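J.: If you scroll down you'll find the structure; I have some questions about it.
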Number of protein chains: 2
Amino acid sequence: MTTTELTAQERWQAIAAHHGGPEPIDADLLCLLDLPDDLPERMTIAEAADVTGLTAHTLRYYERIGLVRVERDDTGYRSYDRRALARIVFVTRLRVSGMPIGTVSHYLDLVEEGEHTGPQRLALMEEHRARIKQQLHDLQLALAVTDYKITVYGGTAEP
Amino acid sequence: MTTTELTAQERWQAIAAHHGGPEPIDADLLCLLDLPDDLPERMTIAEAADVTGLTAHTLRYYERIGLVRVERDDTGYRSYDRRALARIVFVTRLRVSGMPIGTVSHYLDLVEEGEHTGPQRLALMEEHRARIKQQLHDLQLALAVTDYKITVYGGTAEP
DNA sequence: CTTTGCGTTTGAGCGCGCTCTAAGGCGTAC
DNA sequence: GTACGCCTTAGAGCGCGCTCAAACGCAAAG
């Protein structure tokens, strides 16, 4: 995909569009989710913010709390490389899916710890998925009750 | 469900009359809401907390922010009836499914506004459901990417 | 040379959703 | 009587996840 001047927002929209479909986790999707491959090797915080859709404030915050390490150039400015960018995008993905920062942090610790933590990571993700599924279930229950009320009582009064 | 020949007006009048008579929320609905059907008519805050699984603090908080109105007995103590209980359980269900309090509040305002807001309520719920589904999807995306990384790259380094 | 503009830092502030404290009233048990 | 325990209130505090402010550095444009 020619991601040349695609803004973060457009990319999000593209991703959102994919969500409508029946979820093929194929090369297309992975490509969509990956960073554009024409990124400069080193980016300023403003560029990183633009690419990720986060604010510079948030990027600094993420660094402060240890979610990502970022190098400095000779003037002391943050210099984001692809690794850092990829990491931030990944963090964002987890966050957006509702994972608390603490858990994300834990996950990344596992990543740093090495390959052998794969199973733990998987378990962590599956736990998270289970939580979200539970949420969905809870919502459907609420919906069911609501629909019931609306159809049976005409949507009156107390839930 | 057969006891539901109570019309919307009747039920609403019962509320408007500042708790005039014993209006039965029917057993099926109670069941749907997971409330035991052997509840006392009036409960203290401790009993209500016990039944709902919330703390007394939270119950007072919910009342303070207007999510539910609770009567007082002659000593000034809160006295939860089935209606209040059902409402609290409903609120809890929405909250647990991730709906912000503000939205719950809005929803309940619509309920109080009367029967004609049914469609709006439905829309609100469907919007919420869509959001949750989006969350689930985001998670699955994250999971997929993670699994992909783990299987393809051996779970190394940067996400 | 000054203005502008983006960068840096530390640290404070905010909205949410509780959660708890303080100060006090009432009622039963010893 | 008084201790205990549950209730009341208004209001403060907290953890999360940002979000912004203050004070300053550096560097190219006019």
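Naming works like this for the structure tokens: A, B, ... for the chains as they're shown, residue 1 at the start of each chain, ligands 1 onward in shown order.
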Would you list the contacts of range 104-111 of chain A as a ChimeraX atom specification, taking every protein, DNA or RNA residue within 7 Å and counting only C-alpha atoms (C1' of nucleotides), but skipping same-chain residues closer than 3 positions in sequence?
T.: /A:67,91,94,99-101,114,117,121 /B:156-157
J.: With C-alpha atoms kept, could you save the residues just selected as a CSV table (one decimal), in the first residue's frame?
T.:
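To be explicit, this is the file written out as part27.csv:
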```csv
chain,number,residue,atom,x,y,z
A,67,LEU,CA,6.7,2.3,28.0
A,91,VAL,CA,1.2,0.1,22.8
A,94,LEU,CA,-3.2,-2.5,23.2
A,99,MET,CA,-5.7,-2.8,28.2
A,100,PRO,CA,-4.5,-0.8,31.2
A,101,ILE,CA,-1.1,0.8,31.0
A,114,GLY,CA,13.2,-12.6,26.1
A,117,THR,CA,8.2,-15.5,28.0
A,121,ARG,CA,2.5,-13.1,26.9
B,156,THR,CA,11.6,-11.4,20.0
B,157,ALA,CA,12.2,-7.8,20.7
```
J.: With 9 Å as the limit and counting only C-alpha atoms (C1' of nucleotides), what residues in chain D lie close to chain B? Please list them as a PyMOL selection string.
T.: chain D and resi 6-8
J.: Find the residues near DC24 in chain D: any atom within 12 Å, counting only C-alpha atoms (C1' of nucleotides), skip ones fewer than 6 places away on the same chain, and give them as a PyMOL selection string.
T.: chain C and resi 7-10
J.: Tell me which of C:DC16, C:DC6, C:DC1, C:DA23 sits closest to chain B, counting only C-alpha atoms (C1' of nucleotides).
T.: C:DC16
J.: At a cut-off of 12 Å, using only C-alpha atoms (C1' of nucleotides), what residues contact DG17 in chain C? Leave out same-chain residues fewer than 6 positions from it and give the result as a PyMOL selection string.
T.: (chain B and resi 57-58+61-62+65+95+98-102) or (chain D and resi 14-16)
J.: Write out the residues from the selection above, keeping C-alpha atoms (C1' of nucleotides), as a PDB file, in the first residue's frame.
T.:
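Output saved as out.pdb:
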```pdb
ATOM      1  CA  HIS B  57     -20.396   4.159  49.707  1.00  0.00           C
ATOM      2  CA  THR B  58     -21.052   3.544  46.048  1.00  0.00           C
ATOM      3  CA  TYR B  61     -22.624   8.036  45.520  1.00  0.00           C
ATOM      4  CA  TYR B  62     -25.025   6.810  42.864  1.00  0.00           C
ATOM      5  CA  ILE B  65     -25.187  11.943  41.340  1.00  0.00           C
ATOM      6  CA  ARG B  95     -21.352   0.254  33.998  1.00  0.00           C
ATOM      7  CA  GLY B  98     -18.097  -0.170  30.075  1.00  0.00           C
ATOM      8  CA  MET B  99     -20.685   2.539  29.663  1.00  0.00           C
ATOM      9  CA  PRO B 100     -19.587   5.822  31.257  1.00  0.00           C
ATOM     10  CA  ILE B 101     -21.730   7.124  34.079  1.00  0.00           C
ATOM     11  CA  GLY B 102     -22.642  10.164  32.038  1.00  0.00           C
TER      12      GLY B 102
ATOM     13  C1'  DC D  14      -7.099   8.594  45.297  1.00  0.00           C
ATOM     14  C1'  DG D  15      -5.531   5.964  41.078  1.00  0.00           C
ATOM     15  C1'  DC D  16      -5.634   6.238  36.266  1.00  0.00           C
TER      16       DC D  16
END
```
J.: I want to know what sits within 12 Å of DA22 in chain C, based on only C-alpha atoms (C1' of nucleotides), with residues of the same chain fewer than 4 positions away left out; could you give that as a PyMOL selection string?
T.: chain D and resi 9-12
J.: Could you take the residues named above and write them with C-alpha atoms (C1' of nucleotides), as a short mmCIF file (atom, residue, chain, number, x, y, z; two decimals), in the first residue's frame?
T.:
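The result, stored in part.cif:
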```
data_model
loop_
_atom_site.label_atom_id
_atom_site.label_comp_id
_atom_site.auth_asym_id
_atom_site.auth_seq_id
_atom_site.Cartn_x
_atom_site.Cartn_y
_atom_site.Cartn_z
"C1'" DT D 9 -24.10 14.21 55.84
"C1'" DA D 10 -20.62 17.10 53.40
"C1'" DG D 11 -16.48 16.94 51.66
"C1'" DA D 12 -11.72 15.33 50.93
#
```
J.: Which residues in range 57-151 of chain A does DSSP call alpha helix (DSSP H)? List them as a ChimeraX atom specification.
T.: /A:57-64,82-96,101-113,118-151
J.: Tell me as a compact mmCIF listing (two decimals) with C-alpha atoms (C1' of nucleotides), in the first residue's frame which residues belonging to chain C come within 8 Å of chain B, counting only C-alpha atoms (C1' of nucleotides).
T.:
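part09.txt, freshly written:
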```txt
# COMPACT_ATOMS: atom_id res chain seq x y z
C1' DC C 18 -15.27 5.72 43.17
C1' DT C 19 -13.54 5.46 48.27
C1' DC C 26 -30.16 6.72 67.00
```
J.: Just the residues within 12 Å of Glu126 in chain B, please, counting only C-alpha atoms (C1' of nucleotides), with nothing from its chain fewer than 3 positions along; format it as a list in words.
T.: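 Surrounding residues, per the criterion: Leu139, Gln140, Ala142, Leu143, Ala144, Thr146 and Asp147 of chain A; Met99, Pro119, Gln120, Arg121, Leu122, Ala123, Arg129, Ala130, Arg131, Ile132 and Lys133 of chain B.
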J.: Can those selected residues be exported to a file as a compact mmCIF listing (two decimals), in the first residue's frame so that it contains N, CA and C atoms?
T.:
```txt
# COMPACT_ATOMS: atom_id res chain seq x y z
N LEU A 139 -22.66 -6.32 28.10
CA LEU A 139 -23.42 -5.37 27.30
C LEU A 139 -24.62 -6.02 26.67
N GLN A 140 -24.42 -7.20 26.15
CA GLN A 140 -25.53 -7.87 25.48
C GLN A 140 -26.65 -8.18 26.46
N ALA A 142 -27.31 -6.32 29.08
CA ALA A 142 -27.96 -5.02 29.28
C ALA A 142 -28.88 -4.71 28.12
N LEU A 143 -28.37 -4.96 26.93
CA LEU A 143 -29.15 -4.72 25.73
C LEU A 143 -30.41 -5.56 25.74
N ALA A 144 -30.24 -6.81 26.11
CA ALA A 144 -31.38 -7.71 26.11
C ALA A 144 -32.45 -7.21 27.07
N THR A 146 -32.87 -4.21 28.10
CA THR A 146 -33.42 -2.98 27.57
C THR A 146 -34.43 -3.27 26.46
N ASP A 147 -34.01 -4.10 25.55
CA ASP A 147 -34.90 -4.44 24.44
C ASP A 147 -36.18 -5.05 24.99
N MET B 99 -20.04 1.27 29.98
CA MET B 99 -20.68 2.54 29.66
C MET B 99 -20.34 3.59 30.72
N PRO B 119 -36.84 4.82 20.93
CA PRO B 119 -35.88 4.73 19.83
C PRO B 119 -34.53 5.35 20.17
N GLN B 120 -34.55 6.47 20.85
CA GLN B 120 -33.28 7.10 21.23
C GLN B 120 -32.49 6.18 22.14
N ARG B 121 -33.21 5.56 23.07
CA ARG B 121 -32.53 4.64 23.99
C ARG B 121 -31.92 3.48 23.24
N LEU B 122 -32.71 2.97 22.32
CA LEU B 122 -32.22 1.85 21.54
C LEU B 122 -30.96 2.26 20.77
N ALA B 123 -31.02 3.45 20.18
CA ALA B 123 -29.89 3.95 19.41
C ALA B 123 -28.66 4.06 20.31
N ARG B 129 -23.04 -0.74 22.08
CA ARG B 129 -22.69 -2.10 21.67
C ARG B 129 -21.65 -2.07 20.55
N ALA B 130 -21.85 -1.13 19.65
CA ALA B 130 -20.89 -1.01 18.56
C ALA B 130 -19.50 -0.68 19.10
N ARG B 131 -19.48 0.19 20.11
CA ARG B 131 -18.20 0.56 20.69
C ARG B 131 -17.51 -0.65 21.32
N ILE B 132 -18.29 -1.42 22.02
CA ILE B 132 -17.71 -2.60 22.66
C ILE B 132 -17.21 -3.59 21.61
N LYS B 133 -18.00 -3.74 20.57
CA LYS B 133 -17.57 -4.65 19.52
C LYS B 133 -16.27 -4.17 18.90
```
J.: Considering only C-alpha atoms, can you say which of B:Gln134, B:Thr52, B:Ser79, B:Thr103 comes closest to chain A?
T.: B:Gln134
J.: Find the residues near Ala48 in chain B: any atom within 12 Å, counting only C-alpha atoms (C1' of nucleotides), skip ones fewer than 6 places away on the same chain, and give them as a list in words.
T.: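 Near Ala48 in chain B, the qualifying residues are Leu35, Pro36, Leu39, Pro40, Glu41, Arg42, Leu54, Thr55, Ala56, His57, Thr58, Leu59, Arg60, Val70, Arg78, Ser79, Tyr80, Asp81, Arg82, Arg83, Ala84, Leu85, Ala86, Arg87, Ile88 and Val89 of chain B.
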J.: Please produce a file of those selected residues containing C-alpha atoms, as a PDB file, in the first residue's frame.
T.:
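Listing of selection-v4.pdb after writing:
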```pdb
ATOM      1  CA  LEU B  35     -32.190 -10.358  41.522  1.00  0.00           C
ATOM      2  CA  PRO B  36     -33.370 -13.023  43.889  1.00  0.00           C
ATOM      3  CA  LEU B  39     -36.189  -9.858  48.397  1.00  0.00           C
ATOM      4  CA  PRO B  40     -37.768  -7.977  51.249  1.00  0.00           C
ATOM      5  CA  GLU B  41     -39.881  -5.046  50.162  1.00  0.00           C
ATOM      6  CA  ARG B  42     -37.629  -2.539  51.804  1.00  0.00           C
ATOM      7  CA  LEU B  54     -21.692  -2.624  45.494  1.00  0.00           C
ATOM      8  CA  THR B  55     -20.475  -0.878  48.605  1.00  0.00           C
ATOM      9  CA  ALA B  56     -22.740   1.342  50.667  1.00  0.00           C
ATOM     10  CA  HIS B  57     -20.396   4.159  49.707  1.00  0.00           C
ATOM     11  CA  THR B  58     -21.052   3.544  46.048  1.00  0.00           C
ATOM     12  CA  LEU B  59     -24.783   3.294  46.587  1.00  0.00           C
ATOM     13  CA  ARG B  60     -24.779   6.688  48.297  1.00  0.00           C
ATOM     14  CA  VAL B  70     -34.046   6.359  47.350  1.00  0.00           C
ATOM     15  CA  ARG B  78     -32.280   4.953  53.198  1.00  0.00           C
ATOM     16  CA  SER B  79     -34.948   2.440  52.321  1.00  0.00           C
ATOM     17  CA  TYR B  80     -34.389   0.572  49.072  1.00  0.00           C
ATOM     18  CA  ASP B  81     -37.407  -0.964  47.409  1.00  0.00           C
ATOM     19  CA  ARG B  82     -37.394  -3.391  44.519  1.00  0.00           C
ATOM     20  CA  ARG B  83     -37.661  -0.632  42.001  1.00  0.00           C
ATOM     21  CA  ALA B  84     -34.588   1.112  43.321  1.00  0.00           C
ATOM     22  CA  LEU B  85     -32.783  -2.186  43.491  1.00  0.00           C
ATOM     23  CA  ALA B  86     -33.679  -3.107  39.953  1.00  0.00           C
ATOM     24  CA  ARG B  87     -32.497   0.262  38.777  1.00  0.00           C
ATOM     25  CA  ILE B  88     -29.212  -0.098  40.568  1.00  0.00           C
ATOM     26  CA  VAL B  89     -28.670  -3.522  39.131  1.00  0.00           C
TER      27      VAL B  89
END
```
J.: My list of candidates is A:Asp50, A:Asp138, A:Glu63, A:Asp74. Which is closest to chain B when distances are computed with only C-alpha atoms?
T.: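 Distance minimum relative to chain B lands on A:Asp138.
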